[in-house]
file my_file_21.cif (mmCIF, C-alpha atoms)
data_entry
loop_
_atom_site.label_atom_id
_atom_site.label_comp_id
_atom_site.auth_asym_id
_atom_site.auth_seq_id
_atom_site.Cartn_x
_atom_site.Cartn_y
_atom_site.Cartn_z
CA PHE O 288 -51.17 33.17 -15.30
CA ALA O 289 -50.01 32.34 -11.76
CA VAL O 290 -50.48 28.64 -12.47
CA GLU O 291 -48.34 28.88 -15.61
CA VAL O 292 -45.55 30.67 -13.72
CA SER O 293 -45.66 28.10 -10.92
CA THR O 294 -45.57 25.24 -13.42
CA HIS O 295 -42.64 26.79 -15.25
CA HIS O 296 -40.80 27.23 -11.95
CA ILE O 297 -41.40 23.59 -11.01
CA ILE O 298 -40.22 22.32 -14.41
CA THR O 299 -37.06 24.45 -14.21
CA HIS O 300 -36.36 23.24 -10.69
CA MET O 301 -36.90 19.59 -11.67
CA SER O 302 -34.57 19.90 -14.67
CA THR O 303 -31.86 21.33 -12.41
CA ILE O 304 -32.31 18.44 -10.00
CA ASN O 305 -32.22 15.90 -12.86
CA GLU O 306 -28.96 17.33 -14.20
CA SER O 307 -27.44 17.17 -10.72
CA LEU O 308 -28.60 13.57 -10.25
CA VAL O 309 -27.26 12.53 -13.65
CA SER O 310 -23.84 14.00 -12.89
CA ARG O 311 -23.74 12.26 -9.52
CA LEU O 312 -24.80 8.94 -11.02
CA GLU O 313 -22.14 9.20 -13.72
CA ALA O 314 -19.47 9.83 -11.11
CA ALA O 315 -20.71 6.90 -9.03
CA VAL O 316 -20.72 4.56 -12.05
CA GLN O 317 -17.13 5.53 -12.87
CA ARG O 318 -16.06 4.73 -9.32
CA LEU O 319 -17.86 1.38 -9.33
CA GLU O 320 -16.33 0.43 -12.66
CA ALA O 321 -12.87 1.23 -11.32
CA LEU O 322 -13.49 -0.90 -8.24
CA SER O 323 -15.01 -3.81 -10.21
CA THR O 324 -11.96 -4.04 -12.48
CA GLY O 325 -9.65 -4.12 -9.48
CA LYS O 326 -7.79 -1.00 -10.59
CA ALA O 327 -7.70 2.11 -8.45
CA ALA O 328 -7.83 5.54 -10.02
CA PRO O 329 -4.34 6.97 -10.60
CA SER O 330 -3.25 9.76 -8.29
CA THR O 331 -2.54 13.09 -9.95
CA ASN O 332 0.55 13.60 -7.81
CA THR O 333 2.09 10.16 -7.80
CA GLY O 334 1.06 8.53 -11.06
CA GLU O 335 0.35 5.33 -9.16
CA GLU O 336 -2.64 3.72 -7.50
CA THR O 337 -4.61 5.84 -5.07
CA PRO O 338 -5.13 4.46 -1.53
CA ALA O 339 -8.63 3.27 -0.66
CA ALA O 340 -9.23 6.08 1.86
CA VAL O 341 -8.39 8.71 -0.77
CA LEU O 342 -10.50 6.96 -3.41
CA ALA O 343 -13.52 6.94 -1.07
CA TYR O 344 -12.95 10.61 -0.24
CA ASP O 345 -12.86 11.45 -3.94
CA SER O 346 -16.23 9.73 -4.30
CA TYR O 347 -17.62 11.78 -1.41
CA MET O 348 -16.24 14.95 -2.96
CA ALA O 349 -17.79 14.25 -6.38
CA GLN O 350 -21.19 13.18 -5.10
CA VAL O 351 -21.75 15.38 -2.02
CA ALA O 352 -19.22 18.09 -1.15
CA GLU O 353 -18.59 19.64 -4.56
CA PRO O 354 -22.28 19.87 -5.59
CA PHE O 355 -23.10 21.52 -2.26
CA CYS O 356 -20.30 24.08 -2.61
CA ASN O 357 -21.49 24.92 -6.13
CA GLN O 358 -25.02 25.23 -4.79
CA THR O 359 -23.76 27.62 -2.10
CA SER O 360 -22.01 29.86 -4.62
CA ALA O 361 -25.17 30.04 -6.76
CA LEU O 362 -27.59 30.65 -3.89
CA LEU O 363 -26.69 34.31 -3.33
CA PRO O 364 -24.19 36.58 -5.09
CA GLU O 365 -22.66 37.38 -1.68
CA LEU O 366 -22.07 33.64 -1.07
CA ALA O 367 -20.04 32.99 -4.22
CA GLU O 368 -16.70 33.36 -2.47
CA GLY O 369 -17.90 31.44 0.57
CA GLY O 370 -18.83 28.39 -1.49
CA GLN O 371 -15.44 28.44 -3.20
CA LEU O 372 -13.63 28.70 0.14
CA PHE O 373 -15.58 25.74 1.51
CA LEU O 374 -14.66 23.72 -1.57
CA ASP O 375 -10.99 24.70 -1.15
CA GLY O 376 -11.21 23.41 2.41
CA PHE O 377 -12.43 19.99 1.23
CA LYS O 378 -9.63 19.88 -1.33
CA ALA O 379 -7.07 20.72 1.35
CA VAL O 380 -8.38 17.86 3.48
CA ARG O 381 -8.03 15.58 0.46
CA SER O 382 -4.33 16.49 0.20
CA ILE O 383 -3.88 15.77 3.92
CA VAL O 384 -5.58 12.37 3.63
CA LEU O 385 -3.33 11.49 0.69
CA ALA O 386 -0.20 12.66 2.54
CA ALA O 387 -1.21 10.61 5.61
CA ALA O 388 -1.68 7.51 3.45
CA GLN O 389 1.86 7.95 2.08
CA GLY O 390 3.63 9.22 5.20
CA LYS O 391 3.97 8.35 8.86
CA LYS O 392 2.57 10.44 11.68
CA PRO O 393 4.67 13.58 12.24
CA LYS O 394 5.63 15.11 15.54
CA THR O 395 3.99 18.20 17.04
CA ASP O 396 5.65 20.78 14.78
CA GLY O 397 5.17 18.61 11.72
CA MET O 398 1.50 18.13 12.62
CA LYS O 399 0.98 21.89 12.70
CA GLN O 400 2.53 22.19 9.25
CA LEU O 401 0.31 19.39 7.99
CA LEU O 402 -2.89 21.09 9.18
CA SER O 403 -1.88 24.67 8.38
CA CYS O 404 -3.57 24.68 4.97
CA VAL O 405 -6.97 23.89 6.50
CA VAL O 406 -6.47 26.42 9.30
CA LYS O 407 -5.81 29.21 6.78
CA ILE O 408 -9.01 28.45 4.86
CA LEU O 409 -11.09 28.40 8.05
CA GLU O 410 -9.66 31.80 8.98
CA GLN O 411 -10.72 33.16 5.59
CA ILE O 412 -14.26 31.85 6.06
CA GLU O 413 -14.38 33.48 9.49
CA LYS O 414 -13.27 36.79 7.94
CA LYS O 415 -15.94 36.57 5.23
CA ARG O 416 -18.55 36.03 7.95
CA ALA O 417 -17.40 39.14 9.81
CA ASP O 418 -17.47 41.18 6.59
CA SER O 419 -21.00 40.04 5.74
CA LYS O 420 -22.57 41.33 8.94
CA GLY O 421 -25.64 43.38 8.16
CA THR O 422 -26.12 41.80 4.71
CA VAL O 423 -28.63 39.23 3.50
CA ALA O 424 -25.90 36.54 3.62
CA TRP O 425 -25.08 37.01 7.32
CA GLU O 426 -26.97 33.95 8.59
CA HIS O 427 -25.71 31.84 5.69
CA TYR O 428 -22.10 32.78 6.36
CA SER O 429 -22.59 32.19 10.08
CA ALA O 430 -23.99 28.71 9.45
CA LEU O 431 -21.24 27.99 6.93
CA ASN O 432 -18.59 29.17 9.36
CA GLU O 433 -19.81 26.82 12.08
CA ALA O 434 -20.24 23.91 9.66
CA SER O 435 -16.76 24.40 8.18
CA LYS O 436 -15.28 23.36 11.54
CA CYS O 437 -16.01 19.80 10.41
CA LEU O 438 -12.88 20.05 8.24
CA GLN O 439 -10.79 20.06 11.41
CA TRP O 440 -11.48 16.34 11.93
CA VAL O 441 -8.01 15.62 10.48
CA GLY O 442 -6.51 16.99 13.71
CA VAL O 443 -8.91 15.32 16.17
CA ARG O 444 -8.14 12.00 17.84
CA ASP O 445 -10.43 9.32 19.34
CA ILE O 446 -13.71 11.30 19.10
CA THR O 447 -13.32 12.13 15.42
CA VAL O 448 -16.76 10.95 14.26
CA LYS O 449 -18.52 12.60 17.19
CA TYR O 450 -16.69 15.86 16.50
CA VAL O 451 -17.88 15.94 12.88
CA LYS O 452 -21.50 15.26 13.86
CA GLU O 453 -21.47 17.99 16.49
CA THR O 454 -20.84 20.66 13.86
CA VAL O 455 -24.41 20.09 12.65
CA GLY O 456 -25.71 21.24 16.02
CA ALA O 457 -23.24 24.12 16.11
CA SER O 458 -24.68 25.55 12.89
CA GLN O 459 -28.30 24.82 13.80
CA PHE O 460 -28.83 28.17 15.54
CA TYR O 461 -28.33 29.98 12.23
CA THR O 462 -29.96 27.38 9.97
CA MET O 463 -33.16 27.65 12.01
CA LYS O 464 -33.19 31.39 11.36
CA ILE O 465 -32.79 30.72 7.64
CA LEU O 466 -35.68 28.26 7.70
CA ARG O 467 -37.96 30.68 9.53
CA GLU O 468 -37.17 33.44 7.04
CA TYR O 469 -37.29 31.52 3.77
CA ARG O 470 -39.71 28.64 4.46
CA THR O 471 -42.53 30.44 2.68
CA LYS O 472 -40.37 32.66 0.43
CA ASP O 473 -37.79 30.57 -1.38
CA GLU O 474 -37.51 26.79 -1.30
CA LYS O 475 -33.88 26.93 -2.47
CA HIS O 476 -32.73 28.21 0.91
CA VAL O 477 -34.61 25.42 2.69
CA GLN O 478 -32.95 22.89 0.40
CA TRP O 479 -29.57 24.50 1.09
CA VAL O 480 -30.03 23.98 4.83
CA ASN O 481 -30.93 20.32 4.29
CA ASP O 482 -27.96 19.79 1.96
CA LEU O 483 -25.61 21.41 4.47
CA LYS O 484 -26.67 18.88 7.09
CA ASN O 485 -26.38 16.04 4.57
CA THR O 486 -22.85 17.14 3.59
CA ILE O 487 -21.66 16.91 7.19
CA THR O 488 -23.52 13.66 7.84
CA LYS O 489 -21.95 11.96 4.80
CA LEU O 490 -18.54 13.20 5.89
CA ALA O 491 -19.11 11.62 9.30
CA ASP O 492 -19.95 8.33 7.55
CA TYR O 493 -16.70 8.49 5.61
CA VAL O 494 -14.67 9.28 8.73
CA ASN O 495 -16.38 6.47 10.61
CA GLU O 496 -15.34 3.99 7.93
CA PHE O 497 -11.72 5.02 7.33
CA HIS O 498 -10.59 7.25 10.23
CA MET O 499 -12.75 6.30 13.21
CA THR O 500 -10.15 7.17 15.87
CA GLY O 501 -8.37 9.88 13.91
CA LEU O 502 -6.50 10.46 10.68
CA ARG O 503 -4.87 7.17 9.64
CA PHE O 504 -1.18 7.39 8.81
CA ASN O 505 1.17 4.95 7.08
CA ALA O 506 3.40 3.58 9.82
CA LYS O 507 5.65 1.82 7.26
CA ALA O 508 6.49 5.00 5.34
CA ASN O 509 9.97 6.51 5.40
CA LYS O 510 8.88 10.15 5.36
CA GLU O 511 6.57 12.04 7.65
CA ALA O 512 3.20 13.15 6.32
CA HIS O 513 3.96 16.89 6.33
CA GLU O 514 7.04 16.24 4.16
CA VAL O 515 4.89 14.25 1.74
CA LEU O 516 2.34 17.08 1.67
CA GLN O 517 5.05 19.57 0.71
CA GLU O 518 6.03 17.34 -2.21
CA ILE O 519 2.39 17.00 -3.28
CA GLN O 520 1.87 20.75 -3.19
CA SER O 521 5.07 21.37 -5.15
CA GLY O 522 4.07 18.84 -7.82
CA LYS O 523 6.81 16.33 -7.08
CA THR O 524 6.07 12.63 -7.38
CA THR O 525 5.82 10.62 -4.20
CA PRO O 526 6.08 6.82 -4.19
CA VAL O 527 2.93 4.96 -3.23
CA GLN O 528 2.69 1.37 -2.17
CA LYS O 529 0.55 -0.37 -4.75
CA ALA O 530 -2.58 -2.06 -3.53
CA PRO O 531 -2.79 -5.79 -4.18
CA SER O 532 -4.44 -6.36 -7.55
CA THR O 533 -7.50 -8.54 -7.76
CA GLY O 534 -6.82 -9.45 -11.42
CA GLY O 535 -4.45 -12.03 -12.85
CA PRO O 536 -4.65 -15.83 -12.82
CA PRO O 537 -5.76 -17.50 -9.62
CA PRO O 538 -3.15 -19.18 -7.43
CA PRO O 539 -2.38 -22.83 -8.20
CA PRO O 540 -4.51 -25.33 -6.30
CA SER O 541 -3.03 -26.84 -3.22
CA GLY O 542 -1.89 -30.45 -3.20
CA PRO O 543 -4.00 -33.39 -2.03
CA PRO O 544 -4.69 -33.57 1.67
CA PRO O 545 -2.40 -35.77 3.78
CA PRO O 546 -3.54 -39.38 4.25
CA LEU O 547 -5.63 -40.11 7.29
CA PRO O 548 -4.00 -42.05 10.12
CA PRO O 549 -4.90 -45.77 10.37
CA LYS O 550 -8.00 -46.53 12.41
CA ASP O 551 -6.18 -49.17 14.45
CA SER O 552 -4.16 -47.06 16.84
CA ARG O 553 -2.52 -50.07 18.46
CA SER O 554 0.36 -49.95 16.02
CA SER O 555 0.88 -46.17 16.23
CA THR O 556 3.55 -46.46 18.92
CA PRO O 557 5.41 -49.46 20.36
CA VAL O 558 4.19 -48.68 23.88
CA MET O 559 0.50 -48.62 22.97
CA GLY O 560 0.94 -51.71 20.86
CA ALA O 561 2.30 -53.59 23.85
CA VAL O 562 -0.63 -52.44 25.99
CA PHE O 563 -3.20 -53.71 23.49
CA ASP O 564 -1.32 -57.01 23.14
CA GLU O 565 -1.43 -57.48 26.92
CA ILE O 566 -5.17 -56.76 27.00
CA ARG O 567 -5.78 -59.19 24.18
CA ASP O 568 -3.87 -61.99 25.95
CA PHE O 569 -5.59 -61.36 29.30
CA SER O 570 -7.06 -64.59 30.73
CA THR O 571 -10.27 -64.75 32.80
CA ARG O 572 -9.96 -68.34 34.00
CA GLY O 573 -9.39 -67.46 37.69
CA LEU O 574 -12.33 -65.07 38.07
CA ARG O 575 -15.54 -65.99 39.90
CA LYS O 576 -18.76 -65.94 37.97
CA VAL O 577 -21.49 -63.59 39.21
CA THR O 578 -24.62 -65.62 39.94
CA ASN O 579 -28.20 -64.31 39.92
CA ASP O 580 -28.50 -64.26 43.70
CA MET O 581 -25.44 -61.98 43.89
CA LYS O 582 -27.02 -59.31 41.69
CA THR O 583 -28.45 -56.31 43.52
CA LYS O 584 -31.81 -56.43 41.74
CA ASN O 585 -32.40 -60.01 42.99
CA ARG O 586 -31.47 -59.36 46.62
CA PRO O 587 -34.09 -58.82 49.38
CA ALA O 588 -35.58 -55.37 49.76
CA GLU O 589 -34.01 -54.73 53.15
CA GLU O 590 -30.54 -55.48 51.76
CA ARG O 591 -31.05 -53.14 48.74
CA LYS O 592 -31.48 -50.05 50.88
CA SER O 593 -28.52 -47.78 50.39
CA VAL O 594 -29.71 -44.86 52.48
CA VAL O 595 -27.54 -44.36 55.52
CA PRO O 596 -29.74 -43.74 58.57
CA ALA O 597 -29.32 -40.34 60.07
CA VAL O 598 -27.62 -40.21 63.43
CA THR O 599 -29.94 -38.79 66.06
CA ALA O 600 -28.44 -35.94 67.95
CA LYS O 601 -27.82 -36.59 71.60
CA LYS O 602 -29.70 -34.44 74.06
CA ALA O 603 -27.53 -32.18 76.09
CA ALA O 604 -27.23 -33.17 79.78
CA PRO O 605 -28.92 -30.85 82.25
CA LYS O 606 -26.64 -28.27 83.76
CA THR O 607 -25.62 -28.59 87.38
CA LYS O 608 -26.35 -25.95 90.00
CA LYS O 609 -22.73 -24.88 89.98
CA GLU O 610 -22.84 -24.27 86.20
CA GLN O 611 -26.06 -22.33 86.56
CA VAL O 612 -24.51 -20.11 89.22
CA SER O 613 -21.45 -19.44 87.04
CA GLU O 614 -23.74 -18.17 84.27
CA LYS O 615 -25.33 -15.61 86.53
CA LYS O 616 -25.88 -12.26 84.88
CA PRO O 617 -23.70 -9.25 85.79
CA PRO O 618 -24.64 -7.66 89.14
CA ARG O 619 -27.12 -4.79 89.13
CA ILE O 620 -26.39 -1.67 91.13
CA GLU O 621 -29.46 0.49 90.52
CA LEU O 622 -32.55 0.79 92.70
CA VAL O 623 -35.33 -1.69 92.11
CA ALA O 624 -38.83 -0.22 92.58
CA ASP O 625 -37.42 2.28 95.18
CA LYS O 626 -37.38 -0.48 97.79
CA LYS O 627 -34.05 -2.26 97.79
CA MET O 628 -30.72 -2.51 96.01
CA GLY O 629 -29.99 -5.22 93.57
CA ASP O 630 -27.44 -7.90 94.29
CA PHE O 631 -23.95 -6.57 93.44
CA SER O 632 -21.93 -8.95 95.58
CA PRO O 633 -19.52 -11.42 93.97
CA VAL O 634 -20.83 -14.80 92.95
CA GLY O 635 -21.36 -17.05 95.90
CA GLN O 636 -21.87 -14.13 98.41
CA SER O 637 -25.05 -12.47 99.52
CA GLY O 638 -25.69 -8.77 99.99
CA HIS O 639 -28.65 -6.42 100.44
#
call {"tool": "encode", "arguments": {"input": "my_file_21.cif", "output": "structure tokens"}}
result
Amino acid sequence: FAVEVSTHHIITHMSTINESLVSRLEAAVQRLEALSTGKAAPSTNTGEETPAAVLAYDSYMAQVAEPFCNQTSALLPELAEGGQLFLDGFKAVRSIVLAAAQGKKPKTDGMKQLLSCVVKILEQIEKKRADSKGTVAWEHYSALNEASKCLQWVGVRDITVKYVKETVGASQFYTMKILREYRTKDEKHVQWVNDLKNTITKLADYVNEFHMTGLRFNAKANKEAHEVLQEIQSGKTTPVQKAPSTGGPPPPPSGPPPPLPPKDSRSSTPVMGAVFDEIRDFSTRGLRKVTNDMKTKNRPAEERKSVVPAVTAKKAAPKTKKEQVSEKKPPRIELVADKKMGDFSPVGQSGH
């Protein structure tokens, strides 16, 4: 009976995994078909082509973030609202990425308005964590609260990718507790911990590709990004610069290459032509002919030596007595063997 229950549990778990994989593969195929045809998916707010950064984020959302948030809501009844809040955070980031692609970088106050939607969601997740203290979902909410800080990458400059990756370590204290508690009880919680890490890791890959040094804005836009975000949230249409289409007929072939210059460069310029004419008319009638005995290889061995003999250095002349006296060491004034004083008189005088 235990074997039958275990087998039934495995089959149910595998069918759930297969359904999840099929949905992810279908979403991936749709994205690849859109890219292969050279047409980007239309934006729901603009009605025009979606920028590449937003299109890639949509793919990440469909394949990674959204399935994990749904998994979180289904893991425990107490986590249902937490999974929805995390999903709302990813959607808010999507709106910011779209607004940045259509608007230029705002100033300090405008930047706060741009990021305010993410900040509000993070505050709600923090409140849910505080409310869940003492319940079975406390560690899960604590891990989710730390991991949700990865959504703040839209406001981080220069170290954006590193910041996202560090949220994995920030949540590890609580995920290790979950693993210790559920490793032998329920495999779903172990899988949830692994998927949480994978969700952040894939987000770091996306940020590394499109926003390595921070959220990328459209410097050519007329409006600031927070103004564009307000229009997106209100449902107004915002103009988007269309991406260059890969379809259509190819450009006409270029014309034939220019003819090569003539090999004879003597006629390229009048000056060079005159030089070559003078060389051609040069006469050698007055030059002496080099005979065999004048060639170096036929000359005697002693005449073919080209090594210059080294000059021997002259020996220095011996110094005179006067020069030796002038080089006398400084006078000594201490006792020598307790017998007599050293010579301290000027040079040329004696003293005892």
call {"tool": "atom_distance", "arguments": {"input": "my_file_21.cif", "atom1": "atom CA of Asp473 of chain O", "atom2": "atom CA of Ser360 of chain O"}}
result
16.1 Å
call {"tool": "resolve_selection", "arguments": {"input": "my_file_21.cif", "expression": "the PyMOL selection byres ((chain O and resi 499) around 8)", "output": "JSON, numbers by chain"}}
result
{"O": [445, 446, 447, 448, 494, 495, 496, 497, 498, 500, 501, 502]}
call {"tool": "resolve_selection", "arguments": {"input": "my_file_21.cif", "expression": "the PyMOL selection byres ((chain O and resi 367-379) around 8)", "output": "PyMOL selection string"}}
result
chain O and resi 348+352-353+356-366+380-383+404-405+408-409+411-412+415+428+431+435+438
call {"tool": "closest_residue", "arguments": {"input": "my_file_21.cif", "among": "O:Ala506, O:Ala457, O:Val443, O:Ala424", "to": "His476 of chain O", "atoms": "all atoms listed in the file"}}
result
O:Ala424
call {"tool": "atom_distance", "arguments": {"input": "my_file_21.cif", "atom1": "atom CA of Tyr461 of chain O", "atom2": "atom CA of Thr422 of chain O"}}
result
14.2 Å
call {"tool": "atom_distance", "arguments": {"input": "my_file_21.cif", "atom1": "atom CA of Phe460 of chain O", "atom2": "atom CA of Tyr344 of chain O"}}
result
28.5 Å
call {"tool": "residues_around", "arguments": {"input": "my_file_21.cif", "residues": "Ala388 of chain O", "least_positions_apart": "6", "cutoff": "7 Å", "atoms": "only C-alpha atoms", "output": "list of chain:residue names"}}
result
O:Pro338, O:Arg503, O:Phe504, O:Asn505
call {"tool": "closest_residue", "arguments": {"input": "my_file_21.cif", "among": "O:Ala417, O:Ser429, O:Tyr493, O:Met463", "to": "Val341 of chain O", "atoms": "all atoms listed in the file"}}
result
O:Tyr493
call {"tool": "closest_residue", "arguments": {"input": "my_file_21.cif", "among": "O:His513, O:Val451, O:Asn485, O:Glu589", "to": "Gln350 of chain O", "atoms": "only C-alpha atoms"}}
result
O:Asn485
call {"tool": "resolve_selection", "arguments": {"input": "my_file_21.cif", "expression": "the PyMOL selection byres ((chain O and resi 391) around 10)", "output": "list in words"}}
result
Ala386, Ala387, Ala388, Gln389, Gly390, Lys392, Pro393, Lys394, Arg503, Phe504, Asn505, Ala506, Lys507, Ala508, Asn509, Lys510, Glu511, Ala512, His513, Glu514 and Val515 of chain O
call {"tool": "closest_residue", "arguments": {"input": "my_file_21.cif", "among": "O:Arg416, O:Arg586, O:Arg470, O:Lys449", "to": "Ile487 of chain O", "atoms": "only C-alpha atoms"}}
result
O:Lys449
call {"tool": "residues_around", "arguments": {"input": "my_file_21.cif", "residues": "Ala434 of chain O", "least_positions_apart": "6", "cutoff": "7 Å", "atoms": "only C-alpha atoms", "output": "number ranges by chain"}}
result
O: 454-455, 458
